[in-house]
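Asks: File structure.cif below, mmCIF, C-alpha atoms:
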```cif
data_structure
loop_
_atom_site.group_PDB
_atom_site.id
_atom_site.type_symbol
_atom_site.label_atom_id
_atom_site.label_comp_id
_atom_site.auth_asym_id
_atom_site.auth_seq_id
_atom_site.Cartn_x
_atom_site.Cartn_y
_atom_site.Cartn_z
ATOM 1 C CA MET V 1 -38.838 -87.798 -27.107
ATOM 2 C CA LYS V 2 -38.798 -90.903 -24.949
ATOM 3 C CA ALA V 3 -35.808 -93.007 -25.986
ATOM 4 C CA ALA V 4 -34.977 -96.650 -25.488
ATOM 5 C CA PHE V 5 -31.315 -97.632 -25.864
ATOM 6 C CA VAL V 6 -30.590 -100.939 -27.640
ATOM 7 C CA PHE V 7 -27.289 -102.744 -28.167
ATOM 8 C CA SER V 8 -25.929 -104.786 -31.072
ATOM 9 C CA GLY V 9 -25.422 -108.545 -30.998
ATOM 10 C CA GLN V 10 -22.863 -110.908 -32.485
ATOM 11 C CA GLY V 11 -22.557 -110.822 -36.264
ATOM 12 C CA ALA V 12 -22.452 -107.035 -36.548
ATOM 13 C CA GLN V 13 -18.650 -106.883 -36.289
ATOM 14 C CA LYS V 14 -16.463 -105.377 -39.007
ATOM 15 C CA VAL V 15 -12.813 -104.378 -39.205
ATOM 16 C CA GLY V 16 -12.419 -100.670 -38.487
ATOM 17 C CA MET V 17 -15.422 -100.383 -36.186
ATOM 18 C CA GLY V 18 -15.133 -97.598 -33.657
ATOM 19 C CA LYS V 19 -11.862 -96.213 -35.007
ATOM 20 C CA ASP V 20 -13.209 -92.770 -35.916
ATOM 21 C CA LEU V 21 -14.918 -92.477 -32.527
ATOM 22 C CA PHE V 22 -11.659 -93.408 -30.839
ATOM 23 C CA GLU V 23 -9.876 -90.683 -32.796
ATOM 24 C CA GLN V 24 -12.514 -87.969 -32.362
ATOM 25 C CA CYS V 25 -14.254 -88.616 -29.022
ATOM 26 C CA PRO V 26 -12.242 -88.666 -25.782
ATOM 27 C CA ALA V 27 -14.994 -90.572 -23.969
ATOM 28 C CA ALA V 28 -14.925 -93.353 -26.578
ATOM 29 C CA ALA V 29 -11.124 -93.502 -26.501
ATOM 30 C CA LYS V 30 -11.275 -93.953 -22.730
ATOM 31 C CA VAL V 31 -13.543 -97.017 -23.119
ATOM 32 C CA TYR V 32 -11.122 -98.724 -25.500
ATOM 33 C CA ALA V 33 -8.136 -97.904 -23.292
ATOM 34 C CA GLU V 34 -9.881 -99.336 -20.232
ATOM 35 C CA ALA V 35 -10.852 -102.495 -22.120
ATOM 36 C CA ASP V 36 -7.262 -103.079 -23.227
ATOM 37 C CA SER V 37 -6.098 -102.619 -19.642
ATOM 38 C CA VAL V 38 -8.770 -104.811 -18.007
ATOM 39 C CA LEU V 39 -8.356 -107.774 -20.361
ATOM 40 C CA GLY V 40 -4.624 -107.421 -20.973
ATOM 41 C CA TRP V 41 -4.839 -107.747 -24.737
ATOM 42 C CA ASN V 42 -5.270 -105.290 -27.590
ATOM 43 C CA VAL V 43 -9.047 -105.131 -28.018
ATOM 44 C CA SER V 44 -8.835 -101.763 -29.730
ATOM 45 C CA GLY V 45 -6.278 -102.985 -32.250
ATOM 46 C CA LEU V 46 -8.476 -105.942 -33.171
ATOM 47 C CA CYS V 47 -11.489 -103.662 -33.683
ATOM 48 C CA PHE V 48 -9.590 -101.131 -35.768
ATOM 49 C CA SER V 49 -7.243 -103.346 -37.791
ATOM 50 C CA GLY V 50 -8.422 -106.957 -37.573
ATOM 51 C CA PRO V 51 -7.544 -109.422 -38.972
ATOM 52 C CA GLU V 52 -11.105 -110.244 -40.000
ATOM 53 C CA GLU V 53 -10.625 -113.974 -39.387
ATOM 54 C CA LYS V 54 -9.825 -113.335 -35.722
ATOM 55 C CA LEU V 55 -12.542 -110.724 -35.337
ATOM 56 C CA THR V 56 -15.200 -113.223 -36.436
ATOM 57 C CA GLU V 57 -14.240 -115.828 -33.805
ATOM 58 C CA SER V 58 -16.806 -115.879 -30.991
ATOM 59 C CA ARG V 59 -14.233 -115.529 -28.224
ATOM 60 C CA TYR V 60 -12.982 -112.286 -29.764
ATOM 61 C CA CYS V 61 -15.928 -110.779 -31.613
ATOM 62 C CA GLN V 62 -18.261 -110.750 -28.599
ATOM 63 C CA VAL V 63 -15.721 -108.712 -26.649
ATOM 64 C CA ALA V 64 -15.018 -106.431 -29.610
ATOM 65 C CA ILE V 65 -18.703 -105.704 -30.238
ATOM 66 C CA PHE V 66 -19.436 -105.090 -26.555
ATOM 67 C CA VAL V 67 -16.524 -102.663 -26.193
ATOM 68 C CA THR V 68 -17.400 -100.844 -29.415
ATOM 69 C CA SER V 69 -21.040 -100.558 -28.343
ATOM 70 C CA MET V 70 -20.018 -99.049 -25.012
ATOM 71 C CA ALA V 71 -17.644 -96.663 -26.802
ATOM 72 C CA CYS V 72 -20.544 -95.576 -29.032
ATOM 73 C CA LEU V 73 -22.664 -95.007 -25.924
ATOM 74 C CA ALA V 74 -19.901 -93.022 -24.221
ATOM 75 C CA ALA V 75 -19.501 -90.782 -27.279
ATOM 76 C CA PHE V 76 -23.264 -90.248 -27.396
ATOM 77 C CA GLN V 77 -23.436 -89.364 -23.705
ATOM 78 C CA GLU V 78 -20.534 -86.968 -24.181
ATOM 79 C CA LYS V 79 -22.605 -85.104 -26.795
ATOM 80 C CA PHE V 80 -26.052 -85.537 -25.203
ATOM 81 C CA PRO V 81 -25.447 -85.716 -21.436
ATOM 82 C CA LEU V 82 -29.066 -84.951 -20.541
ATOM 83 C CA ILE V 83 -30.742 -87.726 -22.539
ATOM 84 C CA ARG V 84 -31.735 -90.566 -20.248
ATOM 85 C CA PRO V 85 -33.412 -93.725 -21.580
ATOM 86 C CA VAL V 86 -36.805 -94.929 -20.400
ATOM 87 C CA GLY V 87 -35.391 -98.455 -20.731
ATOM 88 C CA ALA V 88 -32.872 -100.583 -22.581
ATOM 89 C CA ALA V 89 -32.353 -103.972 -24.187
ATOM 90 C CA GLY V 90 -29.772 -105.796 -26.261
ATOM 91 C CA LEU V 91 -29.767 -108.705 -28.681
ATOM 92 C CA SER V 92 -28.089 -111.692 -27.000
ATOM 93 C CA LEU V 93 -24.565 -110.387 -26.320
ATOM 94 C CA GLY V 94 -26.020 -106.868 -26.464
ATOM 95 C CA GLU V 95 -27.943 -107.503 -23.252
ATOM 96 C CA TYR V 96 -24.682 -106.954 -21.368
ATOM 97 C CA GLY V 97 -24.395 -103.525 -22.967
ATOM 98 C CA ALA V 98 -27.927 -102.690 -21.880
ATOM 99 C CA LEU V 99 -27.281 -103.810 -18.298
ATOM 100 C CA CYS V 100 -24.009 -101.910 -18.139
ATOM 101 C CA CYS V 101 -25.593 -98.796 -19.642
ATOM 102 C CA CYS V 102 -28.318 -98.851 -16.995
ATOM 103 C CA GLY V 103 -25.881 -99.290 -14.117
ATOM 104 C CA TYR V 104 -26.578 -102.894 -13.112
ATOM 105 C CA PHE V 105 -22.989 -103.910 -13.921
ATOM 106 C CA ARG V 106 -19.771 -101.904 -13.735
ATOM 107 C CA PHE V 107 -17.977 -101.769 -17.097
ATOM 108 C CA PRO V 108 -14.947 -103.849 -15.998
ATOM 109 C CA ASP V 109 -17.224 -106.535 -14.538
ATOM 110 C CA ALA V 110 -19.451 -106.647 -17.617
ATOM 111 C CA LEU V 111 -16.384 -106.831 -19.838
ATOM 112 C CA ARG V 112 -14.957 -109.807 -17.949
ATOM 113 C CA LEU V 113 -18.366 -111.514 -18.057
ATOM 114 C CA VAL V 114 -18.612 -111.038 -21.816
ATOM 115 C CA ALA V 115 -15.082 -112.368 -22.289
ATOM 116 C CA ARG V 116 -15.816 -115.498 -20.269
ATOM 117 C CA ARG V 117 -19.212 -116.006 -21.923
ATOM 118 C CA ALA V 118 -17.510 -115.797 -25.314
ATOM 119 C CA GLU V 119 -14.932 -118.408 -24.321
ATOM 120 C CA LEU V 120 -17.580 -120.803 -23.009
ATOM 121 C CA MET V 121 -19.774 -120.483 -26.090
ATOM 122 C CA ASP V 122 -16.765 -120.888 -28.370
ATOM 123 C CA ALA V 123 -15.781 -124.075 -26.526
ATOM 124 C CA ALA V 124 -19.345 -125.411 -26.832
ATOM 125 C CA CYS V 125 -19.255 -124.821 -30.593
ATOM 126 C CA ARG V 126 -15.973 -126.700 -30.886
ATOM 127 C CA ALA V 127 -17.206 -129.602 -28.759
ATOM 128 C CA GLU V 128 -20.378 -130.310 -30.730
ATOM 129 C CA ALA V 129 -21.185 -129.282 -34.293
ATOM 130 C CA GLY V 130 -24.416 -127.376 -34.833
ATOM 131 C CA THR V 131 -25.988 -124.906 -37.191
ATOM 132 C CA MET V 132 -28.734 -122.300 -37.576
ATOM 133 C CA ALA V 133 -31.185 -121.127 -40.228
ATOM 134 C CA SER V 134 -33.235 -117.973 -40.689
ATOM 135 C CA ILE V 135 -36.912 -118.489 -41.510
ATOM 136 C CA LEU V 136 -38.529 -115.641 -43.453
ATOM 137 C CA THR V 137 -42.328 -115.430 -43.656
ATOM 138 C CA ASP V 138 -45.069 -112.927 -44.434
ATOM 139 C CA GLY V 139 -45.352 -112.205 -40.724
ATOM 140 C CA THR V 140 -48.588 -114.098 -40.103
ATOM 141 C CA THR V 141 -47.153 -117.437 -38.920
ATOM 142 C CA PRO V 142 -47.755 -117.762 -35.145
ATOM 143 C CA PRO V 143 -44.580 -118.191 -33.038
ATOM 144 C CA GLU V 144 -46.080 -121.378 -31.616
ATOM 145 C CA VAL V 145 -45.722 -123.045 -35.017
ATOM 146 C CA PHE V 146 -41.944 -122.655 -34.997
ATOM 147 C CA ALA V 147 -41.702 -123.854 -31.398
ATOM 148 C CA ARG V 148 -43.800 -126.953 -32.170
ATOM 149 C CA VAL V 149 -41.859 -127.915 -35.307
ATOM 150 C CA CYS V 150 -38.524 -127.395 -33.570
ATOM 151 C CA ALA V 151 -39.634 -129.561 -30.646
ATOM 152 C CA GLU V 152 -40.621 -132.325 -33.071
ATOM 153 C CA CYS V 153 -37.138 -132.191 -34.623
ATOM 154 C CA GLY V 154 -35.142 -132.000 -31.392
ATOM 155 C CA ILE V 155 -33.936 -128.443 -31.997
ATOM 156 C CA ASP V 156 -34.884 -124.982 -30.719
ATOM 157 C CA VAL V 157 -36.044 -121.542 -31.731
ATOM 158 C CA ALA V 158 -32.992 -119.328 -31.255
ATOM 159 C CA ASN V 159 -34.453 -115.914 -32.077
ATOM 160 C CA PHE V 160 -37.865 -114.361 -32.493
ATOM 161 C CA ASN V 161 -36.369 -111.375 -34.316
ATOM 162 C CA SER V 162 -39.476 -109.905 -35.924
ATOM 163 C CA PRO V 163 -42.926 -111.136 -36.949
ATOM 164 C CA ALA V 164 -41.388 -112.041 -40.327
ATOM 165 C CA GLN V 165 -38.041 -113.473 -39.170
ATOM 166 C CA THR V 166 -37.391 -116.393 -36.849
ATOM 167 C CA VAL V 167 -34.094 -118.242 -36.401
ATOM 168 C CA ILE V 168 -33.884 -121.963 -35.592
ATOM 169 C CA SER V 169 -30.862 -123.692 -34.087
ATOM 170 C CA GLY V 170 -29.535 -127.176 -33.352
ATOM 171 C CA THR V 171 -27.969 -130.165 -35.054
ATOM 172 C CA ALA V 172 -27.542 -130.027 -38.824
ATOM 173 C CA ASP V 173 -29.964 -132.935 -39.290
ATOM 174 C CA GLY V 174 -32.538 -131.367 -36.994
ATOM 175 C CA VAL V 175 -32.364 -127.977 -38.683
ATOM 176 C CA ALA V 176 -32.662 -129.623 -42.118
ATOM 177 C CA LYS V 177 -35.669 -131.671 -40.990
ATOM 178 C CA ALA V 178 -37.418 -128.668 -39.436
ATOM 179 C CA SER V 179 -36.723 -126.581 -42.536
ATOM 180 C CA ALA V 180 -38.317 -129.229 -44.737
ATOM 181 C CA ILE V 181 -41.426 -129.454 -42.524
ATOM 182 C CA LEU V 182 -41.819 -125.681 -42.416
ATOM 183 C CA LYS V 183 -41.646 -125.513 -46.199
ATOM 184 C CA GLU V 184 -43.887 -128.486 -46.944
ATOM 185 C CA LYS V 185 -46.524 -128.185 -44.221
ATOM 186 C CA GLU V 186 -46.446 -124.614 -42.936
ATOM 187 C CA GLY V 187 -46.058 -122.688 -46.182
ATOM 188 C CA VAL V 188 -42.743 -121.064 -45.358
ATOM 189 C CA ARG V 189 -41.243 -119.896 -48.628
ATOM 190 C CA ARG V 190 -37.715 -118.817 -47.771
ATOM 191 C CA ILE V 191 -35.153 -120.393 -45.451
ATOM 192 C CA ILE V 192 -31.572 -119.124 -45.316
ATOM 193 C CA PRO V 193 -28.866 -121.366 -43.802
ATOM 194 C CA LEU V 194 -26.593 -119.236 -41.630
ATOM 195 C CA ASN V 195 -22.807 -119.369 -41.754
ATOM 196 C CA VAL V 196 -22.227 -119.698 -38.009
ATOM 197 C CA ALA V 197 -19.764 -121.546 -35.792
ATOM 198 C CA GLY V 198 -22.422 -123.416 -33.851
ATOM 199 C CA ALA V 199 -25.975 -123.751 -32.583
ATOM 200 C CA TYR V 200 -26.318 -120.585 -30.500
ATOM 201 C CA HIS V 201 -29.376 -120.206 -28.246
ATOM 202 C CA SER V 202 -30.211 -123.894 -28.376
ATOM 203 C CA ARG V 203 -30.011 -126.811 -25.950
ATOM 204 C CA MET V 204 -26.482 -127.405 -27.268
ATOM 205 C CA MET V 205 -25.430 -124.292 -25.318
ATOM 206 C CA THR V 206 -26.905 -125.439 -21.988
ATOM 207 C CA GLY V 207 -23.515 -126.451 -20.596
ATOM 208 C CA ALA V 208 -22.004 -123.093 -21.499
ATOM 209 C CA GLY V 209 -24.826 -121.320 -19.681
ATOM 210 C CA GLU V 210 -24.364 -123.414 -16.550
ATOM 211 C CA GLN V 211 -20.612 -122.815 -16.583
ATOM 212 C CA LEU V 212 -21.358 -119.092 -16.704
ATOM 213 C CA ARG V 213 -23.412 -119.327 -13.500
ATOM 214 C CA PRO V 214 -20.474 -119.398 -11.003
ATOM 215 C CA VAL V 215 -18.803 -116.568 -12.918
ATOM 216 C CA LEU V 216 -21.922 -114.431 -12.536
ATOM 217 C CA GLU V 217 -22.185 -115.316 -8.849
ATOM 218 C CA ASN V 218 -18.884 -113.552 -8.221
ATOM 219 C CA VAL V 219 -20.002 -110.294 -9.852
ATOM 220 C CA ALA V 220 -22.061 -107.656 -8.081
ATOM 221 C CA VAL V 221 -25.310 -106.538 -9.681
ATOM 222 C CA ALA V 222 -26.626 -103.191 -8.469
ATOM 223 C CA LYS V 223 -30.235 -102.135 -8.091
ATOM 224 C CA ASN V 224 -31.139 -99.435 -10.567
ATOM 225 C CA GLU V 225 -34.164 -97.451 -11.654
ATOM 226 C CA ILE V 226 -33.754 -97.770 -15.437
ATOM 227 C CA PRO V 227 -35.522 -100.951 -16.568
ATOM 228 C CA VAL V 228 -34.017 -103.546 -18.899
ATOM 229 C CA ALA V 229 -36.061 -105.968 -21.004
ATOM 230 C CA GLN V 230 -34.208 -109.281 -20.966
ATOM 231 C CA ASN V 231 -34.040 -111.740 -23.843
ATOM 232 C CA PHE V 232 -35.007 -114.883 -21.954
ATOM 233 C CA THR V 233 -38.357 -113.517 -20.766
ATOM 234 C CA GLY V 234 -38.927 -110.749 -23.293
ATOM 235 C CA ALA V 235 -40.108 -108.664 -20.353
ATOM 236 C CA VAL V 236 -38.708 -105.977 -18.105
ATOM 237 C CA THR V 237 -37.038 -107.607 -15.100
ATOM 238 C CA GLU V 238 -38.933 -106.241 -12.124
ATOM 239 C CA ASP V 239 -36.744 -107.960 -9.525
ATOM 240 C CA TYR V 240 -33.116 -107.075 -10.210
ATOM 241 C CA THR V 241 -31.946 -110.179 -8.310
ATOM 242 C CA GLN V 242 -33.305 -112.256 -11.231
ATOM 243 C CA ILE V 243 -30.977 -110.616 -13.769
ATOM 244 C CA LYS V 244 -28.184 -113.169 -13.334
ATOM 245 C CA GLU V 245 -30.503 -116.158 -13.664
ATOM 246 C CA ASN V 246 -31.948 -114.723 -16.864
ATOM 247 C CA LEU V 247 -28.426 -114.277 -18.241
ATOM 248 C CA VAL V 248 -27.593 -117.906 -17.480
ATOM 249 C CA ARG V 249 -30.745 -119.152 -19.182
ATOM 250 C CA GLN V 250 -30.345 -116.748 -22.100
ATOM 251 C CA VAL V 251 -27.304 -118.660 -23.414
ATOM 252 C CA ALA V 252 -29.401 -121.679 -24.388
ATOM 253 C CA GLY V 253 -32.799 -119.966 -24.444
ATOM 254 C CA SER V 254 -34.708 -118.169 -27.163
ATOM 255 C CA VAL V 255 -33.991 -114.491 -27.759
ATOM 256 C CA ARG V 256 -37.441 -112.912 -27.581
ATOM 257 C CA TRP V 257 -36.555 -109.691 -29.358
ATOM 258 C CA VAL V 258 -40.094 -108.912 -30.528
ATOM 259 C CA ASP V 259 -41.297 -109.054 -26.921
ATOM 260 C CA CYS V 260 -38.346 -106.950 -25.736
ATOM 261 C CA VAL V 261 -39.221 -104.177 -28.193
ATOM 262 C CA ARG V 262 -42.873 -104.304 -27.191
ATOM 263 C CA SER V 263 -41.924 -104.200 -23.499
ATOM 264 C CA LEU V 264 -39.862 -101.055 -24.078
ATOM 265 C CA SER V 265 -42.724 -99.547 -26.085
ATOM 266 C CA ALA V 266 -45.008 -100.200 -23.118
ATOM 267 C CA LEU V 267 -42.683 -98.008 -21.048
ATOM 268 C CA GLY V 268 -43.470 -95.168 -23.444
ATOM 269 C CA ALA V 269 -40.483 -95.436 -25.799
ATOM 270 C CA ASP V 270 -41.205 -93.702 -29.106
ATOM 271 C CA THR V 271 -37.558 -93.585 -30.248
ATOM 272 C CA PHE V 272 -35.025 -96.420 -30.337
ATOM 273 C CA ILE V 273 -31.299 -95.644 -30.494
ATOM 274 C CA GLU V 274 -29.007 -98.541 -31.419
ATOM 275 C CA PHE V 275 -25.442 -98.477 -30.134
ATOM 276 C CA GLY V 276 -22.766 -100.558 -31.814
ATOM 277 C CA PRO V 277 -21.735 -101.655 -35.297
ATOM 278 C CA GLY V 278 -24.361 -102.218 -37.964
ATOM 279 C CA THR V 279 -28.057 -101.404 -38.195
ATOM 280 C CA VAL V 280 -29.574 -104.841 -37.576
ATOM 281 C CA LEU V 281 -31.646 -103.821 -34.574
ATOM 282 C CA THR V 282 -33.034 -100.632 -36.075
ATOM 283 C CA GLY V 283 -34.099 -102.694 -39.105
ATOM 284 C CA LEU V 284 -35.853 -105.265 -36.916
ATOM 285 C CA ILE V 285 -37.552 -102.575 -34.831
ATOM 286 C CA ARG V 286 -39.020 -100.970 -37.956
ATOM 287 C CA LYS V 287 -40.498 -104.364 -38.895
ATOM 288 C CA ILE V 288 -41.915 -104.850 -35.407
ATOM 289 C CA ASP V 289 -43.397 -101.349 -35.129
ATOM 290 C CA ALA V 290 -43.050 -98.953 -38.061
ATOM 291 C CA SER V 291 -44.325 -96.055 -35.956
ATOM 292 C CA LYS V 292 -41.082 -95.867 -33.972
ATOM 293 C CA THR V 293 -38.298 -93.428 -34.770
ATOM 294 C CA THR V 294 -34.951 -95.220 -35.027
ATOM 295 C CA TRP V 295 -31.354 -94.039 -34.922
ATOM 296 C CA ASN V 296 -28.037 -95.845 -35.000
ATOM 297 C CA VAL V 297 -24.769 -94.727 -33.429
ATOM 298 C CA SER V 298 -21.884 -96.733 -34.860
ATOM 299 C CA SER V 299 -19.525 -93.984 -36.024
ATOM 300 C CA ALA V 300 -18.604 -90.335 -35.569
ATOM 301 C CA GLU V 301 -20.545 -89.609 -38.746
ATOM 302 C CA ASP V 302 -23.693 -91.141 -37.235
ATOM 303 C CA LEU V 303 -23.212 -89.125 -34.072
ATOM 304 C CA ASN V 304 -22.777 -85.876 -35.989
ATOM 305 C CA LYS V 305 -26.073 -86.443 -37.789
ATOM 306 C CA LEU V 306 -28.041 -86.684 -34.572
ATOM 307 C CA GLU V 307 -30.094 -83.692 -33.544
ATOM 308 C CA LEU V 308 -32.059 -84.739 -30.490
ATOM 309 C CA GLN V 309 -34.015 -82.779 -27.959
#
```
Hey, can you dump this file as structure tokens for me?

Replies:
Amino acid sequence: MKAAFVFSGQGAQKVGMGKDLFEQCPAAAKVYAEADSVLGWNVSGLCFSGPEEKLTESRYCQVAIFVTSMACLAAFQEKFPLIRPVGAAGLSLGEYGALCCCGYFRFPDALRLVARRAELMDAACRAEAGTMASILTDGTTPPEVFARVCAECGIDVANFNSPAQTVISGTADGVAKASAILKEKEGVRRIIPLNVAGAYHSRMMTGAGEQLRPVLENVAVAKNEIPVAQNFTGAVTEDYTQIKENLVRQVAGSVRWVDCVRSLSALGADTFIEFGPGTVLTGLIRKIDASKTTWNVSSAEDLNKLELQ
């Protein structure tokens, strides 16, 4: 088995996430305790008990998902200490989990970065209203079509999630206009408006990304041998000094998840293990390449089911 480790993004949160791992796995409990101490507020309590309204706010849910994902990883490594990934990636927020997992960031530094990123993106959402929509196709529409239509409408492609799912992002008028064009001229049959706080991964987040730059400049990034495929490029970052720049540009740039999965496959990954709440990434990976084996670690029950060599 050659495993790639992948990490959940925003939207996967749910009240109660990680609680059983906290109760049953000392390594996971240590992650939550450290997070509470580093940030000075009760991250663990929010994950385990909510309230749901607070947990869904960007400034809180990004932190909660990151911490839970790292707790899932810690519990996994406690059980399977010899399994080392050939590479890693994460969806948007999850990229911080991948970088932390592979040793580029220390956990406290990554946690503070995620907390600040969440605050900046939340502020951007409050400053300017935006929206997103998921475009579902038969998988044959070229990515260039979505990019061209979005450019015509003054919006952006937020996510290339799978050959059959692309997410667009921007002003409400722009998203509505692009949706109409895609239906009328490009044969797209299904478009789902998303219930989100703002236009993530669009030009409306550019200011948030630039405000993150000085925060990143004050955090050390270490050279490491385990490669990470980053969202902004969709490729493995060969020069580790480019990691911070890619994180800045990721905030307003497209998440190239299809390319990330293919980049990890090129490293030899035949198994993808998702850490964090939900099964969104394992579902997308199956649509990108059905030949891959996928696992999810989001609970003690998931962990107990794993029998890996």

Asks: Quick one: apply the PyMOL selection byres ((chain V and resi 91) around 9) to the file and drop the selected residues here as number ranges by chain.

Replies: V: 6-10, 89-90, 92-95, 230-231, 255-257, 281

Asks: With C-alpha atoms retained, could you export that selection as a PDB file, in the coordinates of the input?

Replies:
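Below is the file that was written, result04.pdb:
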```
ATOM      1  CA  VAL V   6     -30.590-100.939 -27.640  1.00  0.00           C
ATOM      2  CA  PHE V   7     -27.289-102.744 -28.167  1.00  0.00           C
ATOM      3  CA  SER V   8     -25.929-104.786 -31.072  1.00  0.00           C
ATOM      4  CA  GLY V   9     -25.422-108.545 -30.998  1.00  0.00           C
ATOM      5  CA  GLN V  10     -22.863-110.908 -32.485  1.00  0.00           C
ATOM      6  CA  ALA V  89     -32.353-103.972 -24.187  1.00  0.00           C
ATOM      7  CA  GLY V  90     -29.772-105.796 -26.261  1.00  0.00           C
ATOM      8  CA  SER V  92     -28.089-111.692 -27.000  1.00  0.00           C
ATOM      9  CA  LEU V  93     -24.565-110.387 -26.320  1.00  0.00           C
ATOM     10  CA  GLY V  94     -26.020-106.868 -26.464  1.00  0.00           C
ATOM     11  CA  GLU V  95     -27.943-107.503 -23.252  1.00  0.00           C
ATOM     12  CA  GLN V 230     -34.208-109.281 -20.966  1.00  0.00           C
ATOM     13  CA  ASN V 231     -34.040-111.740 -23.843  1.00  0.00           C
ATOM     14  CA  VAL V 255     -33.991-114.491 -27.759  1.00  0.00           C
ATOM     15  CA  ARG V 256     -37.441-112.912 -27.581  1.00  0.00           C
ATOM     16  CA  TRP V 257     -36.555-109.691 -29.358  1.00  0.00           C
ATOM     17  CA  LEU V 281     -31.646-103.821 -34.574  1.00  0.00           C
TER      18      LEU V 281
END
```

Asks: Which value, in Å to one decimal, gives the distance between CA of Arg126 in chain V and CA of Glu52 in chain V?

Replies: 19.4 Å

Asks: Assuming the chain letters and numbering stay as they are in my file, what does the PyMOL selection byres ((chain V and resi 122) around 10) actually select? List them as a list in words.

Replies: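 That expression, the PyMOL selection byres ((chain V and resi 122) around 10), corresponds here to Glu57, Ser58, Arg59, Tyr60, Arg116, Arg117, Ala118, Glu119, Leu120, Met121, Ala123, Ala124, Cys125, Arg126, Ala127, Ala197, Gly198, Tyr200, Met205 and Ala208 of chain V.
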
Asks: As a check of understanding, name the residues that the PyMOL selection byres ((chain V and resi 241) around 12) selects in the supplied structure, as an NGL selection string.

Replies: :V and (104 or 216-217 or 220-224 or 237-240 or 242-247)

Asks: Give as JSON, numbers by chain the set of residues within 10 Å of the point (-41.4, -100.2, -28.2), where distances use the file's coordinates and all atoms listed in the file.

Replies: {"V": [3, 4, 87, 258, 259, 260, 261, 262, 263, 264, 265, 266, 267, 268, 269, 270, 271, 272, 285, 288, 289, 291, 292, 293]}

Asks: Can you pull out every residue within 10 Å of Ile83 in chain V, counting only C-alpha atoms, but drop anything in the same chain fewer than 5 positions away, and send it as a ChimeraX atom specification?

Replies: /V:1-3,76-77,308-309

Asks: Tell me, in Å to one decimal, how far CA of Phe5 in chain V is from CA of Ala88 in chain V.

Replies: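 Pair CA of Phe5 in chain V / CA of Ala88 in chain V returns 4.7 Å.
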
Asks: One number please: CA of Val43 in chain V to CA of Gly278 in chain V, in Å, one decimal.

Replies: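 About the pair CA of Val43 in chain V and CA of Gly278 in chain V: they are 18.5 Å apart.
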
Asks: List the neighbours of Ala75 in chain V out to 7 Å using only C-alpha atoms; skip same-chain residues closer than 4 positions along the sequence, and give me the result as a PyMOL selection string.

Replies: chain V and resi 25+27-28+71+79

Asks: Could you dump the residues just selected with C-alpha atoms as a compact mmCIF listing (two decimals), keeping the file's coordinate frame?

Replies:
```
# COMPACT_ATOMS: atom_id res chain seq x y z
CA CYS V 25 -14.25 -88.62 -29.02
CA ALA V 27 -14.99 -90.57 -23.97
CA ALA V 28 -14.92 -93.35 -26.58
CA ALA V 71 -17.64 -96.66 -26.80
CA LYS V 79 -22.60 -85.10 -26.80
```

Asks: Which of these, V:Lys14, V:Ile155, V:Met70, V:Leu55, has the shortest distance to Arg106 in chain V once you count all atoms listed in the file?

Replies: V:Met70

Asks: Do you know which residues are at most 10 Å from Phe146 in chain V counting only C-alpha atoms, after dropping those on the same chain fewer than 4 positions away, and could you put them as a list of chain:residue names?

Replies: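 Residues meeting the cut-off are V:Ile135, V:Thr141, V:Pro142, V:Cys150, V:Ala151, V:Glu152, V:Asp156, V:Val157, V:Phe160, V:Thr166, V:Val167, V:Ile168, V:Ala178, V:Ser179, V:Leu182, V:Glu186.
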